[in-house]
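Asks: Sharing a structure here in structure tokens format.
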Amino acid sequence: MGPVRVRSDAEHPRPLLDLPGEAGHTARDGIDTRNYGGLRGLPELRAAFSEALQVPVDQLVAFGNSSLELMYEALVDAVLFGLPGGSAPWPREGRTAMLCPVPGYDRHFAVCEKLGIDMIPVAMTADGPDMDEVERLAADERVKGIWCVPKYSNPTGAVYTPETVRRLAAMETAARDFRVFWDNAYAVHHLGEDAPRLADILSLSAGHGHPDRVFVFGSTSKITMAGSGVAFFGSSHANVSWLLGHLSKRTIGPDKVNQLRHVRFLPDAEAVRAHMERHAELLRPRFELVHTVLDKRLGGSGVASWTRPRGGYFVSLDVLDVLDGCAARVVELAKEAGIALTPAGATFPYGKDPRDRNIRIAPTYPGRDELGDALEGLALCVELAAAERLLAAGRPA
């Protein structure tokens with residue numbers, strides 16, 4: 001959202017990029033990180049992120065720079081080879097489907113579309129996905145999983161309640177190879193001190209007799225550097241062995257030099273927490289500005305509503321509650337004004353928001369002045385689009 005500005009290296013210190021530094025390339029267990037091997041990733045890095053991702057170190061894999069890559073890998077392997085507990089590769093069982101909480105993350109939907117997996121929308125609530133609907137739909141054998149961003153969900157900022165997590169873990173009606181794709185992308189991305197704690201879905205699933213149900217994903221993409229971070233996969237021992245068996249056929253090991261760089265920058269869970277407190281100091285004023293401008297311009301008008309997340313990277317804006325059909329027009333007007341927004345419909349499968357009302361706001365990149373100008377322009381676009389829609393419907397604007 002707002003104009004994009006390229007920032008030079010000179011504007012920021014480079015402690016991460018200067019590592020591993022003079023301490024050399026040898027990890028704690030004595031391996032040379034410049035060499036092949038180490039498919040699971042460095043144990044010390046997995047230990048540093050084990051607490052945040054709620055996965056035991058020996059059930060956590062540290063891999064390349066993108067958790068999306070690991071999600072894609074898991075789905076491709078399910079399509080080609082099947083999953084532990086399943087009877088065959090997914091296509092042999094006919095059309096398969098994933099449950100997609102909406103509004104949700106467009107890249108999750110793009111992976112399903114690419115692989116020919118049907119997507120079934122499920123409404124998001126303040127507590128997570130509508131679990132009555134999830135349990136009803138999961139009883140269909142062709143439904144093989146659900147996408148979840150459980151903490152500060154993209155884009156609403158919702159945090160799954162303990163009851164929602166328990167019900168996902170305990171479902172008895174789901175297929176044996178049903179998987180919860182637990183994309184915990186914002187596990188440590190709090191804006192305040194009262195950070196909520198997720199229930200431990202991996203332990204809950206095992207306790208309810210479904211040890212293989214959950215695939216946990218995470219990364220440092222929004223912790224260190226987006227293009228050169230480290231991604232994580234966590235699950236049961238059976239699922240970890242399954243994934244590593246497939247990964248071993250296409251790589252001899254991940255970039256362990258980058259992993260060593262990260263673990264020297266963030267050596268333990270306490271260092272991760274301290275680093276993210278500094279993130280919050282940078283991001284909190286941007287979210288406060290979003291609410292200040294939208295409250296001033298749109299509050300009480302009835303033309304829009306928006307979320308007030310306690311963490312994460314987004315605000316979810318719904319345009320014109322009383323009539324559908326405005327989001328695409330808002331994005332069009334904003335583009336004409338030089339304001340870049342996520343395309344309308346991006347937060348729904350196939351890019352189609354049936355009510356054409358949701359817009360994802362990402363206030364994390366622009367400078368404060370740029371963000372303020374963009375928000376003022378966005379509010380004006382919302383007012384114009386709402387007035388057009390109301391007048392076209394014969395209602396007072």
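Identifiers for the structure tokens are assigned positionally: chains receive A, B, ... in sequence, residues are indexed from 1 per chain, and ligands are indexed from 1 in the order shown.
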When DSSP is applied to the backbone of this structure, which of region 60-154 of chain A are assigned strand (DSSP E)? Write them out as a PyMOL selection string.

Replies: chain A and resi 60-62+97-102+118-125+128-129+143-148

Asks: Might you pull out every residue within 8 Å of Asn154 (chain A), with only C-alpha atoms counted and same-chain residues fewer than 2 positions away left off, and present them as a list in words?

Replies: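 The contact residues come out as Pro103, Gly104, Tyr105, Val149, Tyr152, Thr156, Gly157, Gly312, Tyr313 and Phe314 of chain A.
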
Asks: Can you spit out the residues from that selection as a compact mmCIF listing (two decimals), in the first residue's frame, using all heavy atoms?

Replies:
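out_14.txt was written with the following content:
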```txt
# COMPACT_ATOMS: atom_id res chain seq x y z
N PRO A 103 -11.87 -14.29 4.87
CA PRO A 103 -10.75 -13.98 4.00
C PRO A 103 -9.47 -14.66 4.47
O PRO A 103 -9.28 -14.87 5.67
CB PRO A 103 -10.64 -12.45 4.06
CG PRO A 103 -11.27 -12.08 5.37
CD PRO A 103 -12.36 -13.08 5.60
N GLY A 104 -8.60 -14.99 3.50
CA GLY A 104 -7.40 -15.73 3.83
C GLY A 104 -6.23 -15.32 2.97
O GLY A 104 -6.22 -14.23 2.37
N TYR A 105 -5.24 -16.22 2.86
CA TYR A 105 -3.96 -15.89 2.25
C TYR A 105 -3.95 -16.33 0.79
O TYR A 105 -4.10 -17.52 0.50
CB TYR A 105 -2.85 -16.58 3.04
CG TYR A 105 -1.44 -16.31 2.57
CD1 TYR A 105 -1.08 -15.10 1.98
CD2 TYR A 105 -0.45 -17.28 2.74
CE1 TYR A 105 0.21 -14.87 1.56
CE2 TYR A 105 0.85 -17.04 2.33
CZ TYR A 105 1.18 -15.84 1.74
OH TYR A 105 2.47 -15.60 1.34
N VAL A 149 -3.82 -19.99 9.31
CA VAL A 149 -2.83 -19.04 9.82
C VAL A 149 -3.32 -18.71 11.23
O VAL A 149 -4.13 -17.80 11.43
CB VAL A 149 -2.73 -17.79 8.95
CG1 VAL A 149 -1.64 -16.84 9.49
CG2 VAL A 149 -2.42 -18.15 7.50
N TYR A 152 -2.69 -14.18 14.51
CA TYR A 152 -2.73 -12.95 13.71
C TYR A 152 -2.97 -13.30 12.25
O TYR A 152 -2.22 -12.94 11.35
CB TYR A 152 -1.45 -12.14 13.89
CG TYR A 152 -1.04 -11.95 15.33
CD1 TYR A 152 0.27 -12.22 15.74
CD2 TYR A 152 -1.96 -11.53 16.29
CE1 TYR A 152 0.66 -12.05 17.06
CE2 TYR A 152 -1.58 -11.36 17.61
CZ TYR A 152 -0.27 -11.62 17.99
OH TYR A 152 0.10 -11.46 19.31
N THR A 156 -7.10 -10.98 8.70
CA THR A 156 -7.99 -10.41 9.73
C THR A 156 -7.29 -10.14 11.06
O THR A 156 -7.77 -9.35 11.86
CB THR A 156 -9.19 -11.34 10.00
OG1 THR A 156 -8.73 -12.55 10.62
CG2 THR A 156 -9.93 -11.66 8.71
N GLY A 157 -6.17 -10.84 11.30
CA GLY A 157 -5.50 -10.70 12.59
C GLY A 157 -6.09 -11.56 13.68
O GLY A 157 -5.68 -11.47 14.84
N GLY A 312 0.85 -9.36 13.86
CA GLY A 312 0.83 -9.71 12.45
C GLY A 312 1.21 -8.54 11.57
O GLY A 312 1.86 -7.58 12.01
N TYR A 313 0.74 -8.59 10.32
CA TYR A 313 1.19 -7.62 9.33
C TYR A 313 0.07 -6.94 8.58
O TYR A 313 0.33 -6.12 7.69
CB TYR A 313 2.12 -8.32 8.33
CG TYR A 313 3.58 -8.19 8.71
CD1 TYR A 313 4.06 -8.72 9.89
CD2 TYR A 313 4.47 -7.52 7.88
CE1 TYR A 313 5.39 -8.60 10.25
CE2 TYR A 313 5.81 -7.38 8.23
CZ TYR A 313 6.27 -7.93 9.41
OH TYR A 313 7.58 -7.79 9.76
N PHE A 314 -1.20 -7.23 8.90
CA PHE A 314 -2.28 -6.75 8.04
C PHE A 314 -3.46 -6.23 8.85
O PHE A 314 -3.65 -6.58 10.01
CB PHE A 314 -2.77 -7.87 7.11
CG PHE A 314 -1.67 -8.48 6.29
CD1 PHE A 314 -1.13 -9.70 6.64
CD2 PHE A 314 -1.16 -7.82 5.19
CE1 PHE A 314 -0.10 -10.27 5.90
CE2 PHE A 314 -0.13 -8.37 4.45
CZ PHE A 314 0.40 -9.60 4.80
```

Asks: Using CA of Asp106 (chain A) and CA of Asn184 (chain A) as the two end points, give the distance in Å to one decimal.

Replies: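 Interatomic distance, CA of Asp106 (chain A) to CA of Asn184 (chain A): 15.4 Å.
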
Asks: Find the distance between CA of Val159 (chain A) and CA of Arg355 (chain A) and write it in Å to one decimal.

Replies: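 A separation of 23.8 Å between them.
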
Asks: When you draw a straight line from CA of Val165 (chain A) to CA of Gly192 (chain A), how long is it in Å?

Replies: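 One can read the CA of Val165 (chain A) to CA of Gly192 (chain A) distance as 22.8 Å.
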
Asks: Within 8 Å of region 331-344 of chain A, counting only C-alpha atoms, which residues qualify if same-chain residues fewer than 5 places away don't, as a ChimeraX atom specification?

Replies: /A:1-3,351,353,356-361,374,377-378,381,385

Asks: Hey, which of A:Ser66, A:Asn239, A:Ser50, A:Thr161 ends up closest to Pro84 (chain A)? Count only C-alpha atoms.

Replies: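 Of the candidates, the smallest distance to Pro84 (chain A) is held by A:Asn239.
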
Asks: Pick out the residues sitting within 7 Å of region 119-126 of chain A, and hand them over as an MDAnalysis selection string; count only C-alpha atoms, and ignore anything fewer than 5 positions along from it in its own chain.

Replies: chainID A and resid 97:103 133 158 349

Asks: Just checking: using only C-alpha atoms, which residue out of A:Asn35, A:Arg28, A:Ala110, A:Leu323 ends up closest to Gly394 (chain A)?

Replies: A:Leu323

Asks: Within 6 Å of region 134-143 of chain A, counting only C-alpha atoms, which residues qualify if same-chain residues fewer than 3 places away don't, as a list in words?

Replies: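 Final neighbour list, sorted by chain and number: Thr96, Ala97, Met98, Met131, Thr173, Ala174 and Ala175 of chain A.
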
Asks: Using DSSP on the backbone coordinates, identify the residues of region 218-353 of chain A assigned to helix (DSSP H, G or I); present them as a PyMOL selection string.

Replies: chain A and resi 237-247+256-265+269-298+327-336+349-351
